[in-house]
Each structure stands twice: as C-alpha cells, then as structure tokens.
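Source file: data_33.cif; contents: mmCIF, C-alpha atoms.
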```
data_entry
#
loop_
_atom_site.label_atom_id
_atom_site.label_comp_id
_atom_site.auth_asym_id
_atom_site.auth_seq_id
_atom_site.Cartn_x
_atom_site.Cartn_y
_atom_site.Cartn_z
CA MET A 80 32.44 23.02 -25.78
CA SER A 81 29.20 21.25 -26.71
CA ASN A 82 25.96 23.24 -26.60
CA MET A 83 23.93 20.03 -26.34
CA PRO A 84 21.98 19.65 -23.08
CA LEU A 85 23.29 16.78 -20.93
CA GLU A 86 20.27 14.57 -21.60
CA LYS A 87 21.20 14.68 -25.31
CA ILE A 88 24.73 13.32 -24.81
CA ARG A 89 25.82 9.67 -25.01
CA ASN A 90 29.33 8.71 -23.86
CA ILE A 91 29.80 5.23 -25.29
CA GLY A 92 32.53 2.72 -26.09
CA ILE A 93 32.74 0.07 -28.81
CA ILE A 94 34.12 -3.08 -27.14
CA ALA A 95 34.71 -6.65 -28.37
CA HIS A 96 37.12 -9.50 -29.07
CA ILE A 97 39.80 -8.83 -31.68
CA ASP A 98 38.49 -8.95 -35.29
CA ALA A 99 34.79 -8.80 -34.32
CA GLY A 100 34.52 -5.57 -36.33
CA LYS A 101 34.69 -2.74 -33.75
CA THR A 102 36.69 -0.29 -35.84
CA THR A 103 34.67 -1.01 -39.01
CA THR A 104 31.45 -0.45 -37.04
CA THR A 105 32.85 2.83 -35.66
CA GLU A 106 33.83 3.91 -39.19
CA ARG A 107 30.29 3.24 -40.46
CA ILE A 108 28.80 5.18 -37.53
CA LEU A 109 30.98 8.18 -38.45
CA PHE A 110 30.05 7.90 -42.13
CA TYR A 111 26.26 7.61 -41.70
CA SER A 112 26.21 10.41 -39.13
CA GLY A 113 28.02 12.72 -41.60
CA ARG A 114 31.25 13.01 -39.59
CA ILE A 115 33.30 11.64 -42.50
CA HIS A 116 32.46 11.56 -46.21
CA ARG A 117 34.35 8.46 -47.25
CA MET A 118 34.39 5.13 -45.43
CA GLY A 119 37.86 3.94 -44.50
CA GLU A 120 38.73 0.24 -44.30
CA VAL A 121 40.82 -1.54 -41.67
CA HIS A 122 42.54 -3.76 -44.28
CA GLU A 123 43.52 -0.64 -46.25
CA GLY A 124 44.75 1.23 -43.16
CA THR A 125 42.44 4.17 -43.87
CA THR A 126 40.16 4.25 -40.81
CA VAL A 127 39.84 7.38 -38.65
CA THR A 128 40.27 5.77 -35.22
CA ASP A 129 43.23 3.52 -36.13
CA TRP A 130 45.61 6.46 -36.57
CA MET A 131 48.95 4.99 -35.40
CA ALA A 132 51.32 3.63 -38.06
CA GLN A 133 51.51 0.28 -36.19
CA GLU A 134 47.70 -0.01 -36.15
CA ARG A 135 47.41 0.69 -39.88
CA GLU A 136 50.22 -1.72 -40.68
CA ARG A 137 48.78 -4.61 -38.63
CA GLY A 138 45.05 -3.91 -39.11
CA ILE A 139 44.35 -3.99 -35.35
CA THR A 140 43.46 -1.38 -32.75
CA ILE A 141 46.26 -0.90 -30.20
CA THR A 142 45.20 2.25 -28.38
CA ALA A 143 41.75 3.57 -27.50
CA ALA A 144 40.69 6.49 -29.72
CA ALA A 145 37.99 9.06 -28.95
CA ILE A 146 35.81 10.87 -31.48
CA THR A 147 32.54 12.83 -31.44
CA THR A 148 29.60 12.78 -33.84
CA ASN A 149 25.86 13.63 -33.90
CA TRP A 150 22.95 11.38 -34.85
CA ARG A 151 19.25 12.10 -35.35
CA ASP A 152 17.00 9.08 -34.67
CA THR A 153 15.49 8.18 -38.05
CA GLN A 154 12.10 7.39 -36.47
CA THR A 155 11.65 9.78 -33.52
CA GLY A 156 13.76 12.69 -34.85
CA GLU A 157 15.61 13.01 -31.52
CA GLU A 158 19.17 14.29 -32.06
CA VAL A 159 22.02 13.50 -29.69
CA GLN A 160 25.77 13.98 -29.53
CA ILE A 161 27.63 10.66 -29.36
CA ASN A 162 31.14 10.62 -27.89
CA ILE A 163 32.69 7.33 -29.00
CA ILE A 164 35.74 5.50 -27.71
CA ASP A 165 36.94 2.73 -30.06
CA THR A 166 38.84 0.28 -27.84
CA PRO A 167 41.41 -2.44 -28.65
CA GLY A 168 40.27 -6.07 -28.84
CA HIS A 169 43.64 -7.77 -28.38
CA ILE A 170 44.22 -9.30 -24.94
CA ASP A 171 47.65 -7.60 -24.71
CA PHE A 172 45.91 -4.22 -24.54
CA THR A 173 43.25 -5.10 -21.94
CA ALA A 174 44.42 -2.30 -19.62
CA GLU A 175 43.55 0.21 -22.34
CA VAL A 176 39.99 -1.16 -22.42
CA GLN A 177 39.70 -1.08 -18.63
CA ARG A 178 40.75 2.57 -18.46
CA SER A 179 38.15 3.43 -21.11
CA LEU A 180 35.31 1.46 -19.48
CA ARG A 181 35.77 3.41 -16.28
CA VAL A 182 34.70 6.67 -17.94
CA LEU A 183 31.88 5.34 -20.17
CA ASP A 184 28.15 5.75 -19.56
CA GLY A 185 27.24 2.95 -21.98
CA GLY A 186 28.78 0.40 -24.31
CA VAL A 187 28.15 -1.34 -27.63
CA VAL A 188 29.50 -4.90 -27.49
CA VAL A 189 30.23 -6.27 -30.96
CA PHE A 190 30.14 -10.04 -31.55
CA ASP A 191 31.27 -12.02 -34.58
CA ALA A 192 28.18 -13.95 -35.80
CA VAL A 193 30.40 -16.89 -36.79
CA ALA A 194 32.58 -17.19 -33.66
CA GLY A 195 29.97 -15.93 -31.16
CA VAL A 196 31.27 -15.18 -27.67
CA GLU A 197 35.08 -15.35 -27.76
CA PRO A 198 37.59 -15.30 -24.85
CA GLN A 199 38.25 -11.55 -24.99
CA SER A 200 34.49 -10.94 -25.30
CA GLU A 201 34.17 -12.55 -21.86
CA THR A 202 37.03 -10.44 -20.46
CA VAL A 203 35.58 -7.10 -21.60
CA TRP A 204 32.08 -8.15 -20.51
CA ARG A 205 33.32 -8.88 -16.96
CA GLN A 206 35.15 -5.53 -16.92
CA ALA A 207 31.95 -3.77 -18.01
CA ASP A 208 30.10 -5.62 -15.23
CA GLU A 209 32.67 -4.32 -12.74
CA TYR A 210 31.90 -0.71 -13.69
CA ASN A 211 28.12 -1.35 -14.16
CA VAL A 212 28.21 -0.14 -17.77
CA PRO A 213 24.81 -0.53 -19.53
CA ARG A 214 25.22 -2.34 -22.85
CA ILE A 215 23.59 -3.14 -26.17
CA CYS A 216 24.88 -5.97 -28.38
CA PHE A 217 25.54 -5.89 -32.11
CA VAL A 218 25.93 -9.29 -33.81
CA ASN A 219 28.20 -8.36 -36.71
CA LYS A 220 29.37 -10.25 -39.82
CA MET A 221 25.95 -11.79 -40.54
CA ASP A 222 27.08 -12.13 -44.18
CA ARG A 223 29.93 -14.53 -43.34
CA VAL A 224 29.80 -18.29 -43.96
CA GLY A 225 28.70 -19.98 -40.71
CA ALA A 226 26.95 -16.87 -39.29
CA ASN A 227 24.29 -17.87 -36.74
CA PHE A 228 22.29 -15.22 -34.87
CA ARG A 229 20.44 -17.58 -32.51
CA ARG A 230 23.58 -19.47 -31.53
CA THR A 231 25.37 -16.21 -30.70
CA ILE A 232 22.48 -15.15 -28.43
CA GLN A 233 22.52 -18.52 -26.66
CA MET A 234 26.28 -18.14 -26.11
CA ILE A 235 25.66 -14.69 -24.55
CA VAL A 236 23.32 -16.44 -22.07
CA ASP A 237 25.56 -19.46 -21.40
CA ARG A 238 28.98 -17.82 -21.24
CA LEU A 239 28.21 -14.31 -20.02
CA GLY A 240 25.21 -15.01 -17.80
CA ALA A 241 23.44 -12.04 -19.41
CA ASN A 242 19.79 -11.42 -20.27
CA PRO A 243 19.87 -10.74 -24.04
CA VAL A 244 16.62 -9.71 -25.75
CA PRO A 245 16.64 -9.60 -29.57
CA ILE A 246 14.86 -6.48 -30.85
CA GLN A 247 15.65 -7.49 -34.45
CA LEU A 248 15.84 -10.66 -36.49
CA PRO A 249 18.13 -11.14 -39.50
CA LEU A 250 16.68 -11.42 -43.00
CA GLY A 251 18.62 -14.45 -44.15
CA ALA A 252 22.23 -15.24 -43.28
CA GLU A 253 25.61 -15.75 -44.94
CA ASP A 254 25.54 -14.69 -48.61
CA SER A 255 21.72 -14.31 -48.54
CA PHE A 256 21.75 -11.78 -45.67
CA ALA A 257 19.69 -8.85 -46.96
CA GLY A 258 18.74 -6.78 -43.91
CA VAL A 259 16.88 -6.94 -40.61
CA ILE A 260 13.35 -7.29 -39.23
CA ASP A 261 12.39 -4.55 -36.75
CA LEU A 262 10.38 -6.32 -34.02
CA PHE A 263 8.86 -3.04 -32.76
CA ALA A 264 7.57 -1.76 -36.11
CA MET A 265 7.18 -5.32 -37.48
CA LYS A 266 8.69 -4.25 -40.78
CA ALA A 267 11.54 -5.62 -42.90
CA LEU A 268 14.47 -3.29 -43.58
CA TYR A 269 16.30 -4.20 -46.79
CA TYR A 270 19.65 -2.65 -47.67
CA THR A 271 19.84 -2.77 -51.43
CA ASP A 272 22.37 -0.08 -52.38
CA GLU A 273 26.11 -0.59 -51.90
CA LEU A 274 26.52 2.26 -49.41
CA GLY A 275 23.55 1.09 -47.31
CA ALA A 276 22.59 4.74 -46.84
CA LYS A 277 18.82 4.19 -46.92
CA ALA A 278 16.85 1.13 -45.90
CA ASP A 279 14.02 -0.06 -48.14
CA ILE A 280 11.13 -0.66 -45.68
CA ARG A 281 8.79 -3.47 -46.71
CA GLU A 282 6.33 -5.93 -45.19
CA ILE A 283 7.91 -8.96 -43.53
CA PRO A 284 8.22 -11.83 -46.05
CA GLU A 285 5.81 -14.70 -45.43
CA GLU A 286 8.59 -17.19 -44.60
CA TYR A 287 9.79 -14.98 -41.73
CA ARG A 288 6.42 -13.84 -40.36
CA ASP A 289 5.84 -16.68 -37.85
CA ALA A 290 9.37 -16.39 -36.44
CA ALA A 291 9.01 -12.58 -36.20
CA GLU A 292 5.66 -12.78 -34.38
CA GLU A 293 7.06 -15.33 -31.94
CA ALA A 294 10.18 -13.21 -31.33
CA ARG A 295 8.06 -10.07 -30.79
CA ALA A 296 5.86 -11.89 -28.25
CA ILE A 297 8.97 -13.01 -26.33
CA MET A 298 10.45 -9.50 -26.52
CA ILE A 299 7.25 -7.92 -25.11
CA GLU A 300 7.09 -10.47 -22.29
CA ARG A 301 10.74 -9.98 -21.31
CA ILE A 302 10.44 -6.16 -21.35
CA ALA A 303 7.14 -6.24 -19.43
CA GLU A 304 8.77 -8.35 -16.68
CA THR A 305 10.99 -5.37 -15.76
CA ASP A 306 8.13 -2.90 -15.22
CA ASP A 307 5.24 -3.37 -12.74
CA ASP A 308 2.69 -1.40 -14.78
CA LEU A 309 3.52 -3.26 -17.98
CA THR A 310 3.42 -6.59 -16.13
CA MET A 311 -0.17 -5.88 -15.07
CA MET A 312 -1.10 -4.84 -18.61
CA TYR A 313 0.53 -7.98 -20.01
CA LEU A 314 -1.21 -10.31 -17.52
CA GLU A 315 -4.57 -8.67 -18.23
CA GLY A 316 -4.05 -9.16 -21.97
CA GLU A 317 -3.95 -5.45 -22.79
CA GLU A 318 -2.09 -4.14 -25.83
CA ILE A 319 1.23 -2.51 -24.86
CA SER A 320 2.25 0.38 -27.10
CA ASN A 321 5.72 0.63 -28.65
CA GLU A 322 6.24 3.92 -26.76
CA ASP A 323 5.71 2.13 -23.43
CA LEU A 324 8.00 -0.70 -24.55
CA HIS A 325 10.77 1.74 -25.55
CA ARG A 326 10.47 3.59 -22.23
CA ALA A 327 10.59 0.37 -20.17
CA LEU A 328 13.44 -1.06 -22.25
CA ARG A 329 15.52 2.11 -21.76
CA LYS A 330 15.01 1.89 -18.01
CA ALA A 331 15.87 -1.84 -17.98
CA VAL A 332 19.06 -1.27 -20.02
CA ILE A 333 20.22 1.54 -17.70
CA ASN A 334 19.57 -0.74 -14.69
CA ASN A 335 21.53 -3.58 -16.41
CA GLU A 336 18.47 -5.86 -16.39
CA ILE A 337 18.29 -6.38 -20.17
CA VAL A 338 20.77 -6.30 -23.04
CA PRO A 339 19.03 -5.52 -26.37
CA VAL A 340 20.52 -7.43 -29.33
CA LEU A 341 20.73 -6.10 -32.89
CA CYS A 342 22.41 -7.57 -35.96
CA GLY A 343 23.98 -6.60 -39.26
CA THR A 344 27.21 -6.49 -41.19
CA ALA A 345 29.24 -3.30 -40.82
CA LEU A 346 31.62 -4.13 -43.67
CA ARG A 347 28.69 -4.60 -46.10
CA ASN A 348 26.90 -1.51 -44.71
CA LYS A 349 23.77 -3.25 -43.39
CA GLY A 350 22.10 -2.60 -40.04
CA VAL A 351 24.25 0.28 -38.72
CA GLN A 352 21.56 3.00 -38.68
CA PRO A 353 19.20 0.94 -36.44
CA LEU A 354 22.19 0.45 -34.12
CA LEU A 355 22.61 4.25 -33.95
CA ASN A 356 18.89 4.60 -33.19
CA ALA A 357 19.29 2.07 -30.35
CA ILE A 358 22.24 4.06 -28.93
CA VAL A 359 20.02 7.17 -28.85
CA ARG A 360 17.01 5.39 -27.35
CA TYR A 361 18.42 2.96 -24.82
CA LEU A 362 21.90 3.96 -23.66
CA PRO A 363 22.08 6.46 -20.77
CA SER A 364 22.93 10.15 -20.79
CA PRO A 365 25.24 11.48 -18.03
CA LEU A 366 22.05 12.37 -16.10
CA ASP A 367 20.87 8.73 -16.09
CA VAL A 368 23.93 7.26 -14.37
CA PRO A 369 24.67 7.51 -10.62
CA PRO A 370 26.69 10.55 -9.45
CA VAL A 371 30.44 10.03 -9.07
CA VAL A 372 31.81 9.58 -5.54
CA GLY A 373 35.36 10.58 -4.58
CA THR A 374 37.51 11.32 -1.54
CA ASP A 375 38.77 14.77 -0.56
CA PRO A 376 42.59 14.33 -0.33
CA ARG A 377 42.80 16.99 2.37
CA THR A 378 40.05 15.87 4.74
CA GLY A 379 39.51 12.23 3.71
CA GLU A 380 35.73 12.72 3.56
CA GLN A 381 33.59 11.34 0.72
CA ILE A 382 32.29 13.85 -1.80
CA VAL A 383 29.48 13.31 -4.31
CA ARG A 384 29.51 15.11 -7.66
CA HIS A 385 26.40 15.20 -9.88
CA ALA A 386 26.42 15.77 -13.64
CA ASP A 387 25.84 19.50 -13.36
CA PRO A 388 27.89 22.29 -15.01
CA ASN A 389 27.18 24.53 -11.99
CA GLU A 390 28.79 22.17 -9.45
CA PRO A 391 32.54 22.41 -8.62
CA PHE A 392 34.81 21.05 -11.35
CA CYS A 393 35.49 17.30 -11.15
CA ALA A 394 37.16 15.19 -13.86
CA LEU A 395 39.23 12.07 -14.39
CA VAL A 396 42.24 11.89 -16.71
CA PHE A 397 41.93 8.39 -18.15
CA LYS A 398 44.67 8.51 -20.76
CA ILE A 399 47.81 10.49 -21.61
CA VAL A 400 49.49 10.38 -25.03
CA THR A 401 52.54 12.11 -26.44
CA ASP A 402 52.09 13.88 -29.75
CA PRO A 403 55.23 14.80 -31.75
CA TYR A 404 53.77 18.21 -32.64
CA VAL A 405 51.67 19.16 -29.62
CA GLY A 406 53.45 17.37 -26.77
CA ARG A 407 51.54 15.62 -24.01
CA LEU A 408 47.79 15.32 -24.47
CA ALA A 409 45.45 14.31 -21.65
CA TYR A 410 42.09 12.64 -22.33
CA VAL A 411 39.65 13.84 -19.66
CA ARG A 412 36.16 12.75 -18.62
CA VAL A 413 34.41 15.71 -16.98
CA TYR A 414 31.90 14.61 -14.33
CA SER A 415 30.79 18.03 -13.03
CA GLY A 416 31.55 21.70 -13.50
CA THR A 417 32.96 23.22 -16.69
CA LEU A 418 36.36 22.97 -18.38
CA GLU A 419 37.11 25.86 -20.72
CA ALA A 420 39.91 26.37 -23.24
CA GLY A 421 42.93 28.03 -21.65
CA SER A 422 41.87 27.30 -18.07
CA THR A 423 44.31 25.80 -15.54
CA VAL A 424 43.20 22.98 -13.26
#
```

Before we go any further, please render this structure as structure tokens.
Amino acid sequence: MSNMPLEKIRNIGIIAHIDAGKTTTTERILFYSGRIHRMGEVHEGTTVTDWMAQERERGITITAAAITTNWRDTQTGEEVQINIIDTPGHIDFTAEVQRSLRVLDGGVVVFDAVAGVEPQSETVWRQADEYNVPRICFVNKMDRVGANFRRTIQMIVDRLGANPVPIQLPLGAEDSFAGVIDLFAMKALYYTDELGAKADIREIPEEYRDAAEEARAIMIERIAETDDDLTMMYLEGEEISNEDLHRALRKAVINNEIVPVLCGTALRNKGVQPLLNAIVRYLPSPLDVPPVVGTDPRTGEQIVRHADPNEPFCALVFKIVTDPYVGRLAYVRVYSGTLEAGSTV
C-alpha cells in the first residue's frame, strides 16, 4: 500500500503506434527514477515491461504491463508516485489498449519524429478522447534521419484535431540532435554523456534564439487563452510568471484544452527527465479527475464514488492474467475505499 497522499499519485499510460518507442521510453523512465539500475533494450529482449517470451522474441509489446516508480521534479523538488501502464502498439492488440485507457488518469502519447502521426496513433488518440484522458505528447526518435519536429506537430493538428502546444524545441535534428530548449526557463539542455543522466544547462545558442523567442511567445498566448485572468494580463501587456503559466497549463491539460509537446530520443537517452517533470506538473492526480459513476446492481440507482480512502470500496478489474506459479492474477484500479492484503472482496 502506498503512503503517498492522493494528490502525489499519477496513474498514466504510455500509448502510441507500434515502433514509436513506448517500451524504450518506459525503460528510460524506470532507469532515471532509480527503479532499475541497468537499461534494458527492446532489440535485446531485456526490457522490464516486455516480460513474455513472445514479446522478447519479436521485439513488440503484446500485453499491457503495469509498474510503479517515484520521481522528484528536478526543478520544483515535488515528488510523486507514478503508476505506469506500457500498452501495445500493434493494431491486433487494440482491445488491450482500450481496457488500459479506461482506468488511466493521464497518458503520454509517443510519436515517431520521422513518421509523425501513424494509423494506430489515430486509433489510440480517439480511444483516449472517448475516455477523456488528459495527454502530453513526446516526439521521440529526434536523432533519426528524416526527423521533423514541426511537421509532427502539424500532423497532430491536421489528423487528430488536437491543440498541441510545444513547451520545448529540439536542439538540432537527425545526427546533430544534442538536446532540447526549455521554453519556460529559456535555457538549452544538452545531453553530453552516454547515459544522459544529467543535462548540461547552457544559454540558448544564437542560431536558435529567434525561433525560441517566437515559440515562447506563441506558447504564452495559447496558455493565456485558457485562463481569464491570464488573458487580461496578456492583453494589458503584463509579464506572466512561469508559475502562473504552469498552473494554467496544468488546468488546461486536465480539461483537455491543450496538449503540451516535448521531444527527445529515448534510445539515445536525451529528453526523458523533462518528460518526467511534465508528468508530475501537468497530468492529473486521482483528485483532479471526475468521480466515478456506477449503477447499484440491486437497486439500479446511480452511485457516485469519489477518490477517498474513507468511502466504500469501489474498484474495476481491467485485466486478468494466468501465472504458472501464482495462478490467476487480477489487475485492479481502486477508485475509492481501501484494498488491503488478505482481504476478500
């Protein structure tokens, strides 16, 4: 049982088209948060969440896997518990994704910077829309030949009808991709060591400064549009603090008004820590999402359950697996009340 207060919990899923880099991104998240001490690779069949023999043999995710880790925001110091579900990308396993999306509070949608929005990206996006799952986007594989950050964002607008707002810009692309520009701090984050464990924070290079200032101005305008107070400040030409922008952006993400966009390359260990910071800052806790509504099977009346350990127990079994050693295992999302070891439901 977690001792974290509910506002410090993030129940998220990593969703995307096949081969966009979901499992590699999940592996890096586990490594940088200290959950594992050696990064596994999909092509070597050594990742934590691809545990089935068929997954390791084929290098694809077949079944959704759940894992828990903790992350402390590198700038604010806020620590949260992140419960992650790594979902399949292959269209044959769409039902597995749908079951997972139903129990998530937020999602990280991974896009391939070369291919952009792919057919299964559209499918999982529509499924996330159906369950009103707040999302942030991670444009992965920025080191690949043909990677294009701006084109991927335009495809998110054209094909998904979303409202993406870049909160980072890439430093270079393809083989010259070196890191990211943080549009809030207006600093360049270079990843120079092989493990990408610590970013080297520098001033934005001169050749990127104009593009960064333009992107920041657009970001501020788009965030201010979602908040009446910030709109007035913006129209009156007042300076809007980063704290106010973060607060408004979090609210806009939870209301599905804005989708923040970050970039990096998980395989080359660049840009994953800022993604973790964004999960902490912008994706909802169980207290930020609407209460769950169900029907009493005996009376037929509607019942509302809030995210409160003191309310009657309410949970949804979203997946059952058979383990050769343990037997049948049920994956449960608890919405209210408390589930303790050894208790019978």

Review point. Neighbours of Asn242 in chain A within 7 Å (all atoms listed in the file; same-chain residues fewer than 2 positions away dropped), as number ranges by chain?
Key: A: 236, 240, 244, 336-338

Could you take the residues named above and write them with C-alpha atoms, as a tab-separated table (two decimals), keeping the file's coordinate frame?
```tsv
chain	number	residue	atom	x	y	z
A	236	VAL	CA	23.32	-16.44	-22.07
A	240	GLY	CA	25.21	-15.01	-17.80
A	244	VAL	CA	16.62	-9.71	-25.75
A	336	GLU	CA	18.47	-5.86	-16.39
A	337	ILE	CA	18.29	-6.38	-20.17
A	338	VAL	CA	20.77	-6.30	-23.04
```

Point to revise | Selection dump of the PyMOL selection byres ((chain A and resi 198) around 12), as a PyMOL selection string | key: chain A and resi 95-97+99+168-170+190+194-197+199-205+234-235+238-239

Review point. Which protein, DNA or RNA residues are at most 6 Å from (25.6, 4.0, -40.7) in the file's coordinates when you count all atoms listed in the file, listed as a PyMOL selection string?
Key: chain A and resi 107-108+111+351-352

Exercise for review: Convert the output of the PyMOL selection byres ((chain A and resi 189) around 7) on the shown file into explicit residues, formatted as a list in words.
Suggested key: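 When the PyMOL selection byres ((chain A and resi 189) around 7) is applied to the shown file, the picked residues are Ile94, Ala95, Ala99, Gly100, Lys101, Val187, Val188, Phe190, Asp191, Cys216, Phe217, Val218 and Asn219 of chain A.
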
Review point. What does the distance between CA of Gln160 in chain A and CA of Asn321 in chain A come to in Å, to one decimal place?
Key: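 About the pair CA of Gln160 in chain A and CA of Asn321 in chain A: they are 24.1 Å apart.
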
Check your understanding: So how many Å separate CA of Leu341 in chain A and CA of Ser112 in chain A, to one decimal?
Key ->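 Result for CA of Leu341 in chain A versus CA of Ser112 in chain A: 18.5 Å, one decimal.
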
Practice item. Can you give me, as a list in words, the residues this file yields under the PyMOL selection byres ((chain A and resi 327) around 9)? Key: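 So the PyMOL selection byres ((chain A and resi 327) around 9), applied here, picks out Ile302, Ala303, Thr305, Asp306, Leu309, Glu322, Asp323, Leu324, His325, Arg326, Leu328, Arg329, Lys330, Ala331 and Val332 of chain A.
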
Output for the residues just chosen: C-alpha atoms as a tab-separated table (two decimals), in the coordinates of the input:
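Below is the file out04.tsv, written as the result:
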```tsv
chain	number	residue	atom	x	y	z
A	302	ILE	CA	10.44	-6.16	-21.35
A	303	ALA	CA	7.14	-6.24	-19.43
A	305	THR	CA	10.99	-5.37	-15.76
A	306	ASP	CA	8.13	-2.90	-15.22
A	309	LEU	CA	3.52	-3.26	-17.98
A	322	GLU	CA	6.24	3.92	-26.76
A	323	ASP	CA	5.71	2.13	-23.43
A	324	LEU	CA	8.00	-0.70	-24.55
A	325	HIS	CA	10.77	1.74	-25.55
A	326	ARG	CA	10.47	3.59	-22.23
A	328	LEU	CA	13.44	-1.06	-22.25
A	329	ARG	CA	15.52	2.11	-21.76
A	330	LYS	CA	15.01	1.89	-18.01
A	331	ALA	CA	15.87	-1.84	-17.98
A	332	VAL	CA	19.06	-1.27	-20.02
```

Revision key, fill the gap. Taken to one decimal, the CA of Tyr414 in chain A-CA of Pro388 in chain A distance is 8.7 Å

Practice item. Go through A:Pro363, A:Gly379, A:Pro339, A:Gly421 and flag the residue nearest Pro245 in chain A, using all atoms listed in the file for the distances. Key: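 Comparing A:Pro363, A:Gly379, A:Pro339, A:Gly421 against Pro245 in chain A, the winner is A:Pro339.
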
Exercise for review: Have a look at A:Ile299, A:Val372, A:Ala276, A:Val400 and name the one nearest to Arg347 in chain A; count all atoms listed in the file.
Suggested key: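 Between A:Ile299, A:Val372, A:Ala276, A:Val400, the residue approaching Arg347 in chain A most closely is A:Ala276.
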
**Study point:** Non-local contacts of Leu248 in chain A (10 Å; all atoms listed in the file; under 2 positions in same chain excluded) as a ChimeraX atom specification
**Key:** /A:228-229,245-246,250-251,258-262,267,287,290-291,294-295,340-343

Check your understanding: Of the residues A:Pro353, A:Gly225, A:Pro249, A:Pro284, which is the one nearest to Thr153 in chain A, using all atoms listed in the file?
Key -> A:Pro353

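Checking A:Ile161, A:Ile146, A:Val396, A:Ile283 one by one against Tyr410 in chain A, counting all atoms listed in the file, you find the shortest gap at A:Val396.
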
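Each of A:Leu366, A:Ile88, A:Val193, A:Leu355 was compared to Ile232 in chain A using all atoms listed in the file, and A:Val193 turns out to be the nearest.
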
Check your understanding: Of the residues A:Arg114, A:Tyr313, A:Gly156, A:Asp184, which is the one nearest to Met298 in chain A, using all atoms listed in the file?
Key ->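 Among the listed residues, A:Tyr313 lies closest to Met298 in chain A.
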
Check your understanding: Could you name the residues that touch range 390-395 of chain A at 7 Å or less, counting only C-alpha atoms, but leaving out those on the same chain fewer than 2 positions away, as a list of chain:residue names?
Key ->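 Counting only C-alpha atoms, the residues come to A:Asp387, A:Pro388, A:Phe397, A:Val411, A:Arg412, A:Val413, A:Tyr414, A:Ser415, A:Gly416, A:Thr417.
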
Centre and edge lengths of an axis-aligned box around all listed atoms of range 371-380 of chain A, with 6 Å added on each side, are to be given in Å to one decimal, as lines of an AutoDock Vina configuration file.
```
center_x = 36.6
center_y = 13.3
center_z = -2.2
size_x = 24.4
size_y = 19.4
size_z = 25.8
```

Point to revise | Contact residues around Ala278 in chain A with only C-alpha atoms at 7 Å, ignoring same-chain residues under 3 positions, as a ChimeraX atom specification | key: /A:268-270,275

Will you model N, CA and C atoms for range 249-268 of chain A and pass it back as a PDB file, in the coordinates of the input?
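File selection-v1.pdb, as written:
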```
ATOM      1  N   PRO A 249      17.484 -11.304 -38.189  1.00  0.00           N
ATOM      2  CA  PRO A 249      18.130 -11.140 -39.500  1.00  0.00           C
ATOM      3  C   PRO A 249      17.242 -11.620 -40.638  1.00  0.00           C
ATOM      4  N   LEU A 250      17.342 -10.961 -41.781  1.00  0.00           N
ATOM      5  CA  LEU A 250      16.680 -11.420 -43.000  1.00  0.00           C
ATOM      6  C   LEU A 250      17.691 -12.274 -43.753  1.00  0.00           C
ATOM      7  N   GLY A 251      17.652 -13.561 -43.530  1.00  0.00           N
ATOM      8  CA  GLY A 251      18.620 -14.450 -44.150  1.00  0.00           C
ATOM      9  C   GLY A 251      19.915 -14.472 -43.358  1.00  0.00           C
ATOM     10  N   ALA A 252      20.913 -15.157 -43.900  1.00  0.00           N
ATOM     11  CA  ALA A 252      22.230 -15.240 -43.280  1.00  0.00           C
ATOM     12  C   ALA A 252      23.237 -15.620 -44.366  1.00  0.00           C
ATOM     13  N   GLU A 253      24.515 -15.479 -44.007  1.00  0.00           N
ATOM     14  CA  GLU A 253      25.610 -15.750 -44.940  1.00  0.00           C
ATOM     15  C   GLU A 253      25.427 -14.911 -46.205  1.00  0.00           C
ATOM     16  N   ASP A 254      25.589 -15.503 -47.389  1.00  0.00           N
ATOM     17  CA  ASP A 254      25.540 -14.690 -48.610  1.00  0.00           C
ATOM     18  C   ASP A 254      24.131 -14.216 -48.953  1.00  0.00           C
ATOM     19  N   SER A 255      23.092 -14.752 -48.268  1.00  0.00           N
ATOM     20  CA  SER A 255      21.720 -14.310 -48.540  1.00  0.00           C
ATOM     21  C   SER A 255      21.240 -13.266 -47.532  1.00  0.00           C
ATOM     22  N   PHE A 256      22.137 -12.788 -46.657  1.00  0.00           N
ATOM     23  CA  PHE A 256      21.750 -11.780 -45.670  1.00  0.00           C
ATOM     24  C   PHE A 256      21.409 -10.471 -46.384  1.00  0.00           C
ATOM     25  N   ALA A 257      20.167 -10.009 -46.197  1.00  0.00           N
ATOM     26  CA  ALA A 257      19.690  -8.850 -46.960  1.00  0.00           C
ATOM     27  C   ALA A 257      19.347  -7.654 -46.090  1.00  0.00           C
ATOM     28  N   GLY A 258      19.144  -7.870 -44.794  1.00  0.00           N
ATOM     29  CA  GLY A 258      18.740  -6.780 -43.910  1.00  0.00           C
ATOM     30  C   GLY A 258      18.231  -7.323 -42.598  1.00  0.00           C
ATOM     31  N   VAL A 259      17.362  -6.545 -41.934  1.00  0.00           N
ATOM     32  CA  VAL A 259      16.880  -6.940 -40.610  1.00  0.00           C
ATOM     33  C   VAL A 259      15.371  -6.745 -40.503  1.00  0.00           C
ATOM     34  N   ILE A 260      14.771  -7.469 -39.554  1.00  0.00           N
ATOM     35  CA  ILE A 260      13.350  -7.290 -39.230  1.00  0.00           C
ATOM     36  C   ILE A 260      13.274  -6.514 -37.923  1.00  0.00           C
ATOM     37  N   ASP A 261      12.594  -5.380 -37.948  1.00  0.00           N
ATOM     38  CA  ASP A 261      12.390  -4.550 -36.750  1.00  0.00           C
ATOM     39  C   ASP A 261      11.198  -5.130 -35.993  1.00  0.00           C
ATOM     40  N   LEU A 262      11.442  -5.653 -34.775  1.00  0.00           N
ATOM     41  CA  LEU A 262      10.380  -6.320 -34.020  1.00  0.00           C
ATOM     42  C   LEU A 262       9.436  -5.340 -33.324  1.00  0.00           C
ATOM     43  N   PHE A 263       9.793  -4.045 -33.277  1.00  0.00           N
ATOM     44  CA  PHE A 263       8.860  -3.040 -32.760  1.00  0.00           C
ATOM     45  C   PHE A 263       7.882  -2.619 -33.857  1.00  0.00           C
ATOM     46  N   ALA A 264       8.419  -2.219 -35.002  1.00  0.00           N
ATOM     47  CA  ALA A 264       7.570  -1.760 -36.110  1.00  0.00           C
ATOM     48  C   ALA A 264       6.978  -2.924 -36.896  1.00  0.00           C
ATOM     49  N   MET A 265       7.553  -4.125 -36.715  1.00  0.00           N
ATOM     50  CA  MET A 265       7.180  -5.320 -37.480  1.00  0.00           C
ATOM     51  C   MET A 265       7.241  -5.039 -38.986  1.00  0.00           C
ATOM     52  N   LYS A 266       8.405  -4.504 -39.375  1.00  0.00           N
ATOM     53  CA  LYS A 266       8.690  -4.250 -40.780  1.00  0.00           C
ATOM     54  C   LYS A 266      10.057  -4.838 -41.133  1.00  0.00           C
ATOM     55  N   ALA A 267      10.246  -5.126 -42.423  1.00  0.00           N
ATOM     56  CA  ALA A 267      11.540  -5.620 -42.900  1.00  0.00           C
ATOM     57  C   ALA A 267      12.329  -4.462 -43.484  1.00  0.00           C
ATOM     58  N   LEU A 268      13.591  -4.345 -43.072  1.00  0.00           N
ATOM     59  CA  LEU A 268      14.470  -3.290 -43.580  1.00  0.00           C
ATOM     60  C   LEU A 268      15.500  -3.924 -44.507  1.00  0.00           C
TER      61      LEU A 268
END
```
